[in-house]
Each structure stands twice: as structure tokens, then as C-alpha cells.
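Trainee: You'll find data.txt just under this line, and it carries compact mmCIF, C-alpha atoms.
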```
# COMPACT_ATOMS: atom_id res chain seq x y z
CA MET I 123 13.85 206.61 127.27
CA ILE I 124 13.65 207.71 130.91
CA THR I 125 15.80 210.80 130.30
CA ASP I 126 13.65 211.61 127.28
CA LEU I 127 10.63 211.48 129.50
CA PHE I 128 11.86 214.39 131.64
CA ASN I 129 13.20 216.48 128.80
CA VAL I 130 11.46 219.84 129.38
CA LYS I 131 12.29 221.25 125.96
CA ARG I 132 10.57 218.37 124.24
CA TRP I 133 7.47 218.72 126.38
CA GLU I 134 7.34 222.40 125.48
CA ALA I 135 7.45 221.40 121.83
CA PHE I 136 4.60 219.01 122.49
CA PHE I 137 2.41 221.61 124.14
CA LYS I 138 2.94 223.84 121.11
CA VAL I 139 1.45 221.26 118.76
CA LEU I 140 -1.23 220.12 121.20
CA PRO I 141 -3.97 222.57 120.10
CA GLY I 142 -3.06 222.40 116.42
CA GLN I 143 -2.74 218.66 115.95
CA TYR I 144 -3.67 216.54 118.94
CA ILE I 145 -6.98 218.20 119.78
CA PRO I 146 -8.32 218.06 116.18
CA GLY I 147 -7.03 214.51 115.94
CA PHE I 148 -8.76 213.60 119.19
CA LEU I 149 -12.02 215.13 117.98
CA MET I 150 -11.69 213.30 114.65
CA THR I 151 -11.21 210.00 116.48
CA LEU I 152 -14.24 210.74 118.65
CA ARG I 153 -16.41 211.65 115.67
CA VAL I 154 -15.35 208.59 113.67
CA ALA I 155 -15.95 206.38 116.72
CA LEU I 156 -19.43 207.78 117.36
CA ALA I 157 -20.58 207.67 113.74
CA GLY I 158 -18.94 204.26 113.31
CA LEU I 159 -20.72 202.93 116.38
CA LEU I 160 -24.02 204.19 115.04
CA LEU I 161 -23.45 202.46 111.69
CA ALA I 162 -22.27 199.30 113.44
CA LEU I 163 -25.39 199.26 115.63
CA VAL I 164 -27.70 199.72 112.66
CA LEU I 165 -25.99 196.98 110.66
CA GLY I 166 -25.71 194.77 113.73
CA ILE I 167 -29.42 195.05 114.58
CA ILE I 168 -30.50 194.42 110.99
CA PHE I 169 -28.26 191.39 110.46
CA GLY I 170 -28.77 190.14 114.01
CA LEU I 171 -32.53 190.06 113.44
CA PHE I 172 -31.96 188.49 110.01
CA SER I 173 -30.03 185.61 111.52
CA THR I 174 -32.81 184.82 113.99
CA SER I 175 -35.56 185.09 111.37
CA LYS I 176 -37.10 182.07 109.72
CA VAL I 177 -36.49 183.28 106.16
CA LYS I 178 -33.66 181.18 104.67
CA ILE I 179 -32.21 183.87 102.40
CA CYS I 180 -32.00 186.42 105.22
CA LYS I 181 -30.25 183.88 107.42
CA LEU I 182 -27.75 183.06 104.68
CA LEU I 183 -27.10 186.73 103.94
CA SER I 184 -26.39 187.45 107.58
CA ARG I 185 -24.10 184.39 107.90
CA VAL I 186 -22.04 185.48 104.89
CA TYR I 187 -21.77 189.04 106.17
CA VAL I 188 -20.73 188.01 109.68
CA GLU I 189 -18.23 185.35 108.63
CA PHE I 190 -16.60 187.40 105.91
CA PHE I 191 -16.06 190.55 107.94
CA GLN I 192 -15.09 188.77 111.14
CA ASN I 193 -12.49 186.63 109.41
CA THR I 194 -10.60 189.24 107.42
CA PRO I 195 -8.37 191.89 109.02
CA LEU I 196 -9.70 195.40 109.41
CA VAL I 197 -6.49 196.67 107.79
CA VAL I 198 -7.26 194.79 104.58
CA GLN I 199 -10.82 196.08 104.59
CA VAL I 200 -9.83 199.70 105.11
CA PHE I 201 -7.13 199.55 102.44
CA PHE I 202 -9.67 197.99 100.13
CA TYR I 203 -12.12 200.85 100.66
CA TYR I 204 -9.25 203.31 100.30
CA ALA I 205 -8.29 201.86 96.93
CA CYS I 206 -11.68 200.95 95.50
CA LEU I 207 -14.24 203.45 96.83
CA PRO I 208 -12.96 206.31 94.64
CA TYR I 209 -13.89 204.27 91.55
CA VAL I 210 -17.35 203.62 92.93
CA ILE I 211 -18.27 207.18 93.86
CA GLY I 212 -15.98 208.77 91.30
CA GLY I 213 -13.94 211.09 93.43
CA ARG I 214 -11.90 211.45 96.58
CA VAL I 215 -13.30 209.76 99.65
CA PRO I 216 -13.15 211.92 102.78
CA LYS I 217 -11.11 210.23 105.50
CA PHE I 218 -14.01 210.58 107.92
CA THR I 219 -16.30 208.56 105.65
CA LEU I 220 -13.56 205.98 105.10
CA GLY I 221 -13.11 205.51 108.84
CA VAL I 222 -16.83 205.32 109.57
CA ILE I 223 -17.41 202.76 106.82
CA GLY I 224 -14.35 200.76 107.84
CA VAL I 225 -14.99 200.35 111.57
CA GLY I 226 -18.79 200.48 111.12
CA ILE I 227 -19.02 197.49 108.79
CA TYR I 228 -16.31 195.55 110.65
CA HIS I 229 -17.88 195.94 114.09
CA GLY I 230 -21.38 195.60 112.64
CA ALA I 231 -20.49 191.96 112.01
CA TYR I 232 -19.49 191.49 115.65
CA ILE I 233 -22.57 193.29 116.98
CA ALA I 234 -24.83 191.19 114.74
CA GLU I 235 -23.38 188.11 116.40
CA VAL I 236 -23.84 189.64 119.87
CA ILE I 237 -27.49 190.41 119.15
CA ARG I 238 -28.14 186.95 117.72
CA THR I 239 -26.78 185.22 120.82
CA GLY I 240 -28.75 187.66 123.00
CA ILE I 241 -32.05 186.82 121.36
CA GLU I 242 -31.31 183.10 121.31
CA ALA I 243 -30.39 183.18 124.99
CA VAL I 244 -33.96 184.02 126.01
CA PRO I 245 -35.62 180.64 126.53
CA ARG I 246 -38.53 179.67 124.30
CA GLY I 247 -40.63 179.08 127.41
CA GLN I 248 -40.64 182.81 128.11
CA PHE I 249 -42.63 183.43 124.91
CA GLU I 250 -44.99 180.58 125.66
CA ALA I 251 -45.55 181.67 129.23
CA ALA I 252 -46.25 185.24 128.08
CA TYR I 253 -48.77 184.07 125.47
CA SER I 254 -50.46 181.85 128.00
CA GLN I 255 -50.95 184.90 130.19
CA GLY I 256 -52.66 186.69 127.32
CA PHE I 257 -49.80 188.95 126.19
CA ASN I 258 -49.76 189.65 122.46
CA TYR I 259 -46.55 189.59 120.38
CA LEU I 260 -45.61 193.23 120.92
CA GLN I 261 -46.34 193.10 124.64
CA THR I 262 -44.30 189.90 124.94
CA MET I 263 -41.37 191.56 123.24
CA ARG I 264 -41.71 194.81 125.15
CA TYR I 265 -42.26 193.45 128.67
CA ILE I 266 -40.72 189.98 128.65
CA VAL I 267 -38.13 189.29 125.96
CA LEU I 268 -36.38 192.56 125.17
CA PRO I 269 -35.59 193.53 128.77
CA GLN I 270 -33.82 190.19 129.15
CA THR I 271 -32.03 190.42 125.80
CA ILE I 272 -30.77 193.91 126.51
CA LYS I 273 -29.43 192.91 129.89
CA ILE I 274 -27.59 189.98 128.31
CA ILE I 275 -26.06 191.90 125.41
CA MET I 276 -25.14 195.19 127.07
CA PRO I 277 -21.71 194.09 128.41
CA SER I 278 -20.69 192.72 125.01
CA LEU I 279 -21.92 195.89 123.31
CA ALA I 280 -19.81 198.04 125.62
CA ASN I 281 -16.81 195.85 124.82
CA GLN I 282 -17.47 196.24 121.12
CA ALA I 283 -17.64 200.02 121.53
CA LEU I 284 -14.28 199.92 123.29
CA ASN I 285 -12.68 197.87 120.52
CA LEU I 286 -14.24 200.13 117.94
CA VAL I 287 -12.57 203.18 119.49
CA LYS I 288 -9.24 201.35 119.50
CA ASN I 289 -9.68 200.25 115.91
CA THR I 290 -10.32 203.77 114.60
CA SER I 291 -6.53 204.09 114.89
CA VAL I 292 -6.29 202.02 111.72
CA LEU I 293 -7.07 205.30 109.95
CA ALA I 294 -3.51 206.37 110.72
CA MET I 295 -2.34 203.84 108.13
CA VAL I 296 -4.13 205.73 105.36
CA ALA I 297 -3.23 209.23 106.65
CA GLY I 298 -6.67 209.63 108.22
CA MET I 299 -6.00 212.81 110.26
CA ASP I 300 -7.00 211.03 113.46
CA LEU I 301 -5.21 211.10 116.81
CA MET I 302 -2.87 208.21 115.99
CA TYR I 303 -1.92 209.77 112.67
CA TYR I 304 -0.94 213.10 114.22
CA ALA I 305 0.99 211.41 117.01
CA ASP I 306 2.86 209.25 114.55
CA SER I 307 3.65 211.99 112.06
CA TRP I 308 4.74 214.53 114.67
CA GLY I 309 6.75 211.92 116.58
CA SER I 310 8.60 210.62 113.52
CA ASP I 311 9.09 214.15 112.26
CA ARG I 312 10.87 215.40 115.37
CA GLY I 313 12.05 212.13 116.88
CA TYR I 314 10.34 212.97 120.20
CA PHE I 315 8.68 209.59 120.50
CA VAL I 316 7.90 209.57 124.20
CA GLN I 317 6.34 213.03 124.02
CA ALA I 318 4.37 212.01 120.94
CA TYR I 319 3.04 208.63 122.05
CA LEU I 320 2.50 209.01 125.79
CA PRO I 321 -0.16 211.77 125.51
CA CYS I 322 -1.69 209.88 122.59
CA ALA I 323 -1.98 206.76 124.73
CA LEU I 324 -3.46 208.85 127.52
CA MET I 325 -6.09 210.34 125.22
CA TYR I 326 -7.19 206.93 123.96
CA PHE I 327 -7.21 205.71 127.56
CA LEU I 328 -9.46 208.62 128.47
CA ILE I 329 -12.12 207.40 126.02
CA CYS I 330 -11.65 203.67 126.52
CA PHE I 331 -11.26 203.34 130.27
CA PRO I 332 -14.81 204.53 131.11
CA LEU I 333 -16.09 202.10 128.49
CA ALA I 334 -14.10 199.26 130.06
CA LYS I 335 -15.46 200.16 133.51
CA LEU I 336 -18.97 200.36 132.08
CA ALA I 337 -18.57 196.92 130.49
CA ARG I 338 -17.44 195.45 133.79
CA TRP I 339 -20.29 197.06 135.71
CA LEU I 340 -22.83 195.82 133.17
CA GLU I 341 -21.35 192.34 133.41
CA VAL I 342 -21.87 192.29 137.16
CA ARG I 343 -25.40 193.57 136.72
CA ALA I 344 -26.20 191.02 134.01
CA LYS I 345 -25.24 188.20 136.34
CA GLN I 346 -27.94 189.34 138.75
CA THR I 347 -30.63 188.63 136.15
CA PRO I 348 -33.11 186.30 137.77
CA VAL I 349 -32.64 182.99 136.00
CA PRO I 350 -35.77 180.99 135.29
CA LYS I 351 -36.06 178.25 137.89
CA LYS I 352 -36.44 174.67 136.81
CA ARG I 353 -40.07 173.78 137.01
CA LYS I 354 -40.92 171.01 139.41
CA GLU I 355 -43.24 168.32 138.18
CA VAL I 356 -46.45 168.62 140.14
CA ALA I 357 -48.29 165.41 140.59
CA MET N 276 -9.25 187.94 81.99
CA GLY N 277 -5.90 186.21 81.62
CA ALA N 278 -4.24 189.44 80.51
CA VAL N 279 -5.52 191.11 83.65
CA LEU N 280 -4.59 188.39 86.11
CA SER N 281 -1.34 187.02 84.70
CA PRO N 282 0.81 190.07 85.61
CA ILE N 283 -0.34 189.76 89.24
CA PHE N 284 0.12 186.09 89.93
CA THR N 285 3.54 185.55 88.43
CA LYS N 286 5.76 182.98 90.08
CA ALA N 287 7.92 185.65 91.71
CA ASN N 288 4.95 187.60 93.07
CA VAL N 289 3.20 184.57 94.49
CA SER N 290 6.33 183.24 96.18
CA PHE N 291 7.02 186.71 97.59
CA MET N 292 3.54 186.90 99.05
CA MET N 293 3.79 183.36 100.40
CA GLN N 294 7.03 184.29 102.17
CA GLY N 295 5.00 187.05 103.78
CA LEU N 296 2.36 184.54 104.80
CA VAL N 297 5.00 182.34 106.44
CA MET N 298 6.21 185.40 108.33
CA THR N 299 2.65 186.23 109.42
CA VAL N 300 2.09 182.72 110.74
CA LEU N 301 5.49 182.71 112.46
CA ILE N 302 4.88 186.02 114.22
CA ALA N 303 1.37 184.95 115.22
CA ALA N 304 2.62 181.62 116.60
CA CYS N 305 5.43 183.22 118.63
CA THR N 306 3.04 185.88 119.91
CA ILE N 307 0.46 183.35 121.05
CA LEU N 308 3.00 181.10 122.77
CA LEU N 309 4.74 183.96 124.56
CA SER N 310 1.51 185.60 125.63
CA LEU N 311 0.16 182.28 126.88
CA VAL N 312 3.21 182.00 129.17
CA PHE N 313 3.08 185.61 130.39
CA GLY N 314 -0.70 185.64 130.46
CA THR N 315 -0.75 182.58 132.70
CA ILE N 316 1.73 184.18 135.09
CA MET N 317 -0.31 187.36 135.15
CA ALA N 318 -3.58 185.51 135.65
CA MET N 319 -2.07 183.57 138.56
CA ILE N 320 -0.86 186.82 140.12
CA ARG N 321 -4.34 188.29 139.73
CA HIS N 322 -5.97 185.19 141.15
CA PHE N 323 -3.72 184.18 144.02
CA CYS N 324 -1.93 187.32 145.22
CA THR N 325 -4.15 188.55 148.01
CA GLY N 326 -3.53 190.08 151.41
CA LYS N 327 0.04 191.35 151.71
CA ARG N 328 0.86 190.75 148.07
CA ALA N 329 -2.30 192.40 146.75
CA VAL N 330 -0.11 195.18 145.34
CA LEU N 331 1.20 192.70 142.74
CA SER N 332 -2.34 191.84 141.80
CA ALA N 333 -3.14 195.54 141.41
CA LEU N 334 -0.08 196.01 139.18
CA ALA N 335 -1.13 193.15 136.93
CA GLY N 336 -4.63 194.62 136.83
CA ALA N 337 -3.24 198.00 135.82
CA TYR N 338 -1.20 196.39 133.04
CA ILE N 339 -4.29 194.65 131.70
CA GLU N 340 -6.37 197.84 131.80
CA ILE N 341 -3.69 199.95 130.13
CA PHE N 342 -3.22 197.59 127.22
CA ARG N 343 -6.90 196.90 126.89
CA CYS N 344 -7.66 200.60 126.57
CA THR N 345 -5.02 201.74 124.09
CA PRO N 346 -4.82 200.92 120.38
CA ASN N 347 -2.50 198.19 119.09
CA ILE N 348 -0.88 200.36 116.45
CA LEU N 349 0.29 202.73 119.16
CA TRP N 350 2.35 200.01 120.84
CA ILE N 351 3.67 198.65 117.57
CA LEU N 352 4.95 202.11 116.63
CA TRP N 353 6.20 202.95 120.10
CA ILE N 354 8.26 199.76 120.46
CA ARG N 355 9.53 200.10 116.92
CA PHE N 356 10.92 203.58 117.46
CA THR N 357 12.14 203.55 121.04
CA MET N 358 13.84 200.17 121.32
CA GLN N 359 17.03 198.77 119.86
CA GLY N 360 17.17 195.42 118.15
CA ASP N 361 15.93 193.27 115.33
CA PRO N 362 12.67 194.60 113.80
CA THR N 363 11.04 191.17 113.75
CA PHE N 364 11.77 190.58 117.43
CA LYS N 365 10.41 194.00 118.23
CA ALA N 366 7.29 193.23 116.22
CA ILE N 367 6.74 189.98 118.14
CA PHE N 368 7.43 191.81 121.40
CA SER N 369 4.90 194.55 120.72
CA CYS N 370 2.24 192.04 119.65
CA THR N 371 2.96 190.01 122.79
CA LEU N 372 2.49 193.12 124.94
CA PHE N 373 -1.12 193.68 124.02
CA THR N 374 -2.03 190.03 123.47
CA THR N 375 -0.79 189.13 126.96
CA ALA N 376 -3.38 191.45 128.47
CA VAL N 377 -6.20 189.65 126.68
CA VAL N 378 -4.82 186.15 127.32
CA ALA N 379 -4.42 186.96 131.03
CA GLU N 380 -8.14 187.70 131.20
CA ILE N 381 -8.97 184.48 129.35
CA VAL N 382 -6.78 182.36 131.66
CA ARG N 383 -8.22 184.10 134.71
CA GLY N 384 -11.70 183.21 133.49
CA GLY N 385 -10.54 179.61 133.24
CA LEU N 386 -9.01 179.67 136.73
CA ASN N 387 -12.23 181.08 138.16
CA GLY N 388 -14.08 178.11 136.70
CA ILE N 389 -11.99 175.55 138.58
CA PRO N 390 -14.01 174.34 141.59
CA LYS N 391 -12.54 174.94 145.02
CA GLY N 392 -12.76 171.25 145.77
CA GLN N 393 -9.90 170.62 143.33
CA PHE N 394 -7.54 172.68 145.49
CA GLU N 395 -8.79 171.10 148.69
CA GLY N 396 -8.55 167.64 147.23
CA ALA N 397 -4.98 168.25 146.11
CA ALA N 398 -4.04 169.71 149.49
CA SER N 399 -5.51 166.70 151.27
CA GLN N 400 -3.28 164.45 149.14
CA GLY N 401 -0.20 166.39 150.24
CA PHE N 402 0.41 168.32 147.01
CA SER N 403 2.38 171.56 147.34
CA PHE N 404 1.02 174.77 145.76
CA TRP N 405 3.13 174.43 142.61
CA GLN N 406 2.37 170.73 142.27
CA THR N 407 -1.33 171.52 142.55
CA MET N 408 -0.95 174.19 139.89
CA PHE N 409 1.02 172.21 137.34
CA LEU N 410 -0.50 168.77 137.85
CA ILE N 411 -4.11 169.57 138.64
CA VAL N 412 -5.33 173.10 138.11
CA LEU N 413 -3.53 174.35 134.98
CA PRO N 414 -4.26 171.27 132.81
CA GLN N 415 -7.96 171.68 133.53
CA THR N 416 -7.77 175.44 132.99
CA TYR N 417 -6.09 175.07 129.60
CA LYS N 418 -8.60 172.49 128.52
CA SER N 419 -11.49 174.78 129.36
CA ILE N 420 -10.05 177.82 127.58
CA ILE N 421 -9.26 176.11 124.26
CA PRO N 422 -12.15 177.77 122.35
CA ALA N 423 -11.36 181.24 123.72
CA MET N 424 -7.67 180.82 122.95
CA LEU N 425 -8.38 179.70 119.40
CA SER N 426 -10.54 182.81 118.89
CA GLN N 427 -7.60 184.79 120.17
CA VAL N 428 -5.36 183.11 117.58
CA ILE N 429 -7.71 184.42 114.90
CA THR N 430 -7.48 187.90 116.39
CA VAL N 431 -3.68 187.74 116.51
CA ILE N 432 -3.44 186.64 112.89
CA LYS N 433 -5.64 189.58 111.94
CA ASP N 434 -3.64 191.93 114.17
CA THR N 435 -0.34 191.02 112.51
CA SER N 436 -1.58 192.96 109.49
CA PHE N 437 -1.08 196.11 111.61
CA LEU N 438 2.66 195.38 111.34
CA LYS N 439 2.54 196.66 107.78
CA VAL N 440 2.81 200.13 109.31
CA VAL N 441 6.36 199.36 110.54
CA ASP N 442 7.32 197.55 107.33
CA ILE N 443 7.70 194.02 108.67
CA ALA N 444 7.74 191.64 105.71
CA GLU N 445 4.43 189.98 106.60
CA PHE N 446 1.62 189.00 104.25
CA MET N 447 -0.25 192.31 104.07
CA ARG N 448 2.94 194.32 103.56
CA ASN N 449 4.34 191.98 100.89
CA SER N 450 1.02 192.02 99.06
CA SER N 451 1.03 195.82 99.17
CA VAL N 452 4.49 195.80 97.60
CA VAL N 453 3.12 193.63 94.79
CA MET N 454 0.15 195.98 94.53
CA GLY N 455 2.50 198.89 94.01
CA GLN N 456 3.41 197.48 90.60
CA LEU N 457 -0.17 197.29 89.40
CA ARG N 458 -1.96 199.99 87.45
CA MET N 459 -5.37 198.69 86.36
CA PRO N 460 -8.26 199.00 88.86
CA ALA N 461 -9.38 195.49 87.95
CA GLN N 462 -5.98 194.11 88.93
CA ILE N 463 -5.97 195.95 92.24
CA LEU N 464 -9.46 194.69 92.96
CA ALA N 465 -8.42 191.13 92.08
CA LEU N 466 -5.41 191.28 94.36
CA TYR N 467 -7.51 192.62 97.26
CA VAL N 468 -9.96 189.77 96.78
CA PHE N 469 -7.01 187.37 96.85
CA ILE N 470 -5.56 188.88 100.06
CA ALA N 471 -8.95 188.84 101.76
CA MET N 472 -9.50 185.24 100.67
CA VAL N 473 -6.16 184.06 102.06
CA TYR N 474 -6.90 185.61 105.46
CA PHE N 475 -10.47 184.37 105.28
CA VAL N 476 -9.50 180.75 104.60
CA ILE N 477 -7.10 180.68 107.55
CA CYS N 478 -9.36 182.47 110.01
CA PHE N 479 -12.58 180.79 108.92
CA SER N 480 -11.14 177.30 109.29
CA LEU N 481 -9.96 178.25 112.77
CA SER N 482 -13.39 179.61 113.66
CA CYS N 483 -14.94 176.34 112.48
CA VAL N 484 -12.65 174.52 114.91
CA VAL N 485 -13.77 176.92 117.66
CA ARG N 486 -17.42 176.14 116.93
CA TYR N 487 -16.70 172.40 116.91
CA TYR N 488 -15.09 172.63 120.36
CA GLN N 489 -17.92 174.74 121.76
CA LYS N 490 -20.43 172.17 120.59
CA LYS N 491 -18.33 169.37 122.06
CA ILE N 492 -18.16 171.11 125.43
CA ARG N 493 -21.89 171.74 125.50
CA THR N 494 -22.82 168.13 124.85
```
Take the structure from the file and write it as C-alpha cells.

Mentor:
Amino acid sequence: MITDLFNVKRWEAFFKVLPGQYIPGFLMTLRVALAGLLLALVLGIIFGLFSTSKVKICKLLSRVYVEFFQNTPLVVQVFFYYACLPYVIGGRVPKFTLGVIGVGIYHGAYIAEVIRTGIEAVPRGQFEAAYSQGFNYLQTMRYIVLPQTIKIIMPSLANQALNLVKNTSVLAMVAGMDLMYYADSWGSDRGYFVQAYLPCALMYFLICFPLAKLARWLEVRAKQTPVPKKRKEVA
Amino acid sequence: MGAVLSPIFTKANVSFMMQGLVMTVLIAACTILLSLVFGTIMAMIRHFCTGKRAVLSALAGAYIEIFRCTPNILWILWIRFTMQGDPTFKAIFSCTLFTTAVVAEIVRGGLNGIPKGQFEGAASQGFSFWQTMFLIVLPQTYKSIIPAMLSQVITVIKDTSFLKVVDIAEFMRNSSVVMGQLRMPAQILALYVFIAMVYFVICFSLSCVVRYYQKKIRT
């Protein structure tokens, strides 16, 4: 493996396929990740709000969604879409759509849970205190509750984004033309595994490492949130 | 209905898929145990190696970052193609690689939660460092990370389905083999529902245990 690493001929072969395969694959992964994150956020916000609402049916719906998609593997879900979506829409499903739907719905379930815990973490007293000061509902949300919720959930959201980028690689299993797919197919084709996988790892790292750093920074910042002090009983 | 379902769930098919399930559970169990061992070592390095040995701590940190920021399939494929040996061992090894990184962070979180007084108390009673670790600190750490570790077990069980890509005879791969014999869309749909349900039952019961523990800790 070490001698392979310094094999100049193989690296030359890699740089020949870099613009033709790796760069499009990288862009595909990026596009799927961005669109998937958008879908996951939309689904997560909708179902997260559902699960904190007082309407029973909404609560139930959101529970079922979260539990089902969190407790089955992404691989099974993506293969399911791969096999069954063509019957639904009556034609070939573009790999981009498949990837976006796959990671979007899967991580939507996680984000819904993040948002639920974020809203529930804001103490009830905050609402009451705001009302007592004459804030209306929208003002309470805008100035009191949401700033706290966002601070609480941001680290988890960044973590979810990171995992989402990693999970787009599941597309490689259904020939999804993403970075992992190109690395795998070129590597197995030529047998230059080190040259195929090392740059691939580096490219994923390039996207994920800033997200990991961001998550850590947000975590530190979230801990500085002023916590409500226990009220002393005044005689 | 019977004509649709009976070709799928024949005795041979079901037992073939169940063999896969046993393999899935086996790989997941080995992965969790191994990564708990290595993760604990790594967490201790991160937590206690300061001053002159800070370079070790930095190395462990780099390991964690690298595996946290690269996809699991990449490592499964890489190990599969560049190492010699039994495919199942390689599969467990590659799963252990990326699970260790996560478990190390979980254990470190647990270690951080142990009050300093515990160390001081142990030192005052004449315990050596290793005695303090094994008799006092680690038991408390493990107790506090039970919910997080159980969630990680769920993740590992789900992650084993990635091993289909290197043709390990686990549940997802065996079910796909069965699926290869089917022609009708209704049959394929039924089998997918079955696969999803099997994973769901296992993972959901585990997540119920997680919730039970979290409630117990809070009260």
C-alpha cells in the first residue's frame, strides 16, 4: 500500500481522470447535498412544528414519520425509491432526484426531532414573562423564543448537515454518478485503489471538515446562552 | 394475495434472509464491542494526555476528525480492496474504524461529566491512576453513557446495510438476492416492506430502551 502511494504512473493516471470524473462527481455530491439539505430542512420544520402542536393527528403523523425513517437504514430507503419510484412516476428517475429524496426525507426525520427538542427546551416561563410585559404572540416568538431556539438547535443542525453530506455517498450503491461512485468505479476498473480513494476521501473531507468546525464553534457559543436564573422567593 | 406473497416467503428464502439477519447482528455486536474498547482508549488519550504527551492527544483528535468527515462506504470499500484476509473480518474492521471515532467522542463526553472530586477522593485513598480508572471513573462513565451507546448500536445496525456494497452476506444483501428472483412490482414492494419492518422492529425497540433510560436518568 505504501509503495502504491508513491507510484508516479498511477498518480498521472488519476490526474487524467480528475477533470472528467472526479470534478463532475464532486459537483453532483455538492448539488445533492445542498438540495437534500433544503428538503430536509423544509420537512424537518414542518414535522418539528407538528410535533409541538396541540392537534393530536399532527402529533401522531410527525411521530410516525420520525420513528419510521430514523429506525430504518438509509440504504433500504434509497433502494426502495430506486425500485418503486419508476412505477409511481412512470419513467426513469434521475439519480439527482433519487439522492435528494433519499437523504432529504431521511435527515428530515432527524431535523424534525432537533427542532422539537429546541422548541421544548425554551421554558414555559419565557412565554409567560413576555406576555406579562405586553408582548403579543408574534413579538414573543420573534424577540424571546426563536432567538433561544435557534441558538440551541444550530450545533445539531450543523451536525446533521455533515452527516447528510456523508450519506449522499449511498448514491454510489445505485450508480448515482456522485463522487463515491466515480472513485469506486475508476478504482475497481484499474486497480489503483489508493489513487482512487485517497483524493475521494480528501474531497469529502474538504466539505465536511468546515461543517464539523462550525458545529463545534456553535456548540461553544450555545453554551454561553444566558440561562434563566432560579427566581428567589421574595417575602 | 397468497399467489403474490407465497413465492417470496418460501421456507428457503426466509431462512436465507434470517441467516443474513444473524450475520448483521453478529457484525454489529463485534463492531460495538471493539469500538467500545478502542474508543475508551482513545477518549482516555484525548482526556489525560496533556503537556509533553499532548502530541498523542492531537493524533487521536486527528483520527476522530478524519473518520467523522469521510463517508462510511469509502472506508468499507477501501479496506475491502487494499487488505488481505477474510471478508467478514475486514467488514468488522472497517465498521470498527468509523464507529470508534464516534464512540471515542461519546466516552469523552462521559469522562468530562465525572466530577474532579472523584479523582481527588481516589487519590486521597491511595489509589493509583489505573486503579482510579478501572474501579472508580470508568464504571461511572459507562453508566452515564448507556443511552448514547444504545443510540450508537442503532446506528451501527443501520450502517451494516452499507456492507451490501462489498457483498457480505448480511440481511440487506441476502434480501436483495431473494429480490433478484422476483418479477412482479407488488412482490418487490412487499419484500421491501418486510425488510424495512425487520430493521424497524429491531431499531425501534432499542430506541424505546434509550427513551426509558433517559427518563430514568432525568427522574

Trainee: Can you measure CA of Leu413 in chain N to CA of Ala334 in chain I for me? One decimal in Å is fine.

Mentor: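 Result for CA of Leu413 in chain N versus CA of Ala334 in chain I: 27.5 Å, one decimal.
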
Trainee: Would you give the centre and edge lengths, in Å to one decimal, of a box along x, y and z around the listed atoms of range 258-264 of chain I, with 3 Å added to each side, as AutoDock Vina command-line options?

Mentor:
```
--center_x -45.6 --center_y 192.2 --center_z 122.8 --size_x 14.4 --size_y 11.2 --size_z 10.8
```

Trainee: Taking 4 positions as the minimum chain separation for residues in the same chain, which residues sit within 12 Å of Phe446 in chain N when counting all atoms listed in the file? Answer as number ranges by chain.

Mentor: I: 195, 197-198; N: 288-303, 432-439, 442, 450-453, 469-471, 473-474

Trainee: Return the single residue from N:Ser480, N:Thr371, N:Thr494, N:Gln415 that is closest to chain I, with distances computed using only C-alpha atoms.

Mentor: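 Closest to chain I, using only C-alpha atoms: N:Ser480.
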
Trainee: So which residues touch Lys288 in chain I within 9 Å, counting all atoms listed in the file, skipping near sequence neighbours fewer than 6 positions away, as a list in words?

Mentor: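 Listed by chain and then number, they are Ala155, Tyr326 and Cys330 of chain I; Arg343, Cys344, Thr345, Pro346, Asn347 and Ile348 of chain N.
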
Trainee: N:Asp361, N:Glu445, N:Glu395, N:Glu340: which is nearest chain I, counting all atoms listed in the file?

Mentor: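 Residue with the minimum atom-to-atom distance to chain I: N:Glu340.
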
Trainee: I:Ile329, I:Leu320, I:Ile266, I:Ile237: which is nearest Leu163 in chain I, counting all atoms listed in the file?

Mentor: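 Using all atoms listed in the file, Leu163 in chain I sits closest to I:Ile237.
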
Trainee: Contacts between chain N and chain I, please, where a residue of chain I counts if it comes within 10 Å (with all atoms listed in the file); show its shortest atom pair and distance in Å to one decimal, rows by chain and ascending number, as a tab-separated table.

Mentor:
```
residue	atom	partner	partner_atom	distance
I:Met123	CA	N:Thr357	CA	7.1
I:Glu189	CA	N:Phe479	CA	7.3
I:Phe190	CA	N:Phe475	CA	6.9
I:Phe191	CA	N:Phe475	CA	8.7
I:Gln192	CA	N:Cys478	CA	8.6
I:Asn193	CA	N:Phe475	CA	5.1
I:Thr194	CA	N:Phe475	CA	5.3
I:Pro195	CA	N:Lys433	CA	4.6
I:Leu196	CA	N:Lys433	CA	7.5
I:Val197	CA	N:Ser436	CA	6.4
I:Val198	CA	N:Ala471	CA	6.8
I:Gln199	CA	N:Ala471	CA	8.0
I:Phe201	CA	N:Tyr467	CA	8.7
I:Phe202	CA	N:Tyr467	CA	6.5
I:Ala205	CA	N:Ile463	CA	7.9
I:Cys206	CA	N:Leu464	CA	7.1
I:Tyr209	CA	N:Pro460	CA	8.2
I:Leu284	CA	N:Cys344	CA	7.4
I:Asn285	CA	N:Cys344	CA	8.3
I:Leu286	CA	N:Pro346	CA	9.8
I:Val287	CA	N:Pro346	CA	8.1
I:Lys288	CA	N:Pro346	CA	4.5
I:Asn289	CA	N:Pro346	CA	6.6
I:Thr290	CA	N:Pro346	CA	8.5
I:Ser291	CA	N:Pro346	CA	6.6
I:Val292	CA	N:Ile348	CA	7.4
I:Ala294	CA	N:Ile348	CA	8.7
I:Met295	CA	N:Val440	CA	6.5
I:Val296	CA	N:Val440	CA	9.8
I:Met302	CA	N:Leu349	CA	7.1
I:Tyr303	CA	N:Leu349	CA	9.8
I:Ala305	CA	N:Leu349	CA	9.0
I:Asp306	CA	N:Leu352	CA	7.7
I:Gly309	CA	N:Phe356	CA	9.4
I:Ser310	CA	N:Phe356	CA	8.4
I:Gly313	CA	N:Phe356	CA	8.6
I:Tyr314	CA	N:Thr357	CA	9.6
I:Phe315	CA	N:Thr357	CA	7.0
I:Val316	CA	N:Trp353	CA	8.0
I:Ala318	CA	N:Trp353	CA	9.3
I:Tyr319	CA	N:Trp353	CA	6.8
I:Leu320	CA	N:Trp353	CA	9.1
I:Cys322	CA	N:Leu349	CA	8.2
I:Ala323	CA	N:Thr345	CA	5.9
I:Leu324	CA	N:Thr345	CA	8.0
I:Met325	CA	N:Thr345	CA	8.7
I:Tyr326	CA	N:Thr345	CA	5.6
I:Phe327	CA	N:Cys344	CA	5.2
I:Leu328	CA	N:Cys344	CA	8.4
I:Ile329	CA	N:Cys344	CA	8.2
I:Cys330	CA	N:Cys344	CA	5.0
I:Phe331	CA	N:Cys344	CA	5.8
I:Pro332	CA	N:Cys344	CA	9.3
I:Leu333	CA	N:Cys344	CA	8.8
I:Ala334	CA	N:Cys344	CA	7.4
I:Lys335	CA	N:Glu340	CA	9.5
```

Trainee: As an exercise, work out the distance from CA of Ile339 in chain N to CA of Leu425 in chain N in Å and give it to one decimal place.

Mentor: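 Computed distance, CA of Ile339 in chain N to CA of Leu425 in chain N, equals 19.8 Å.
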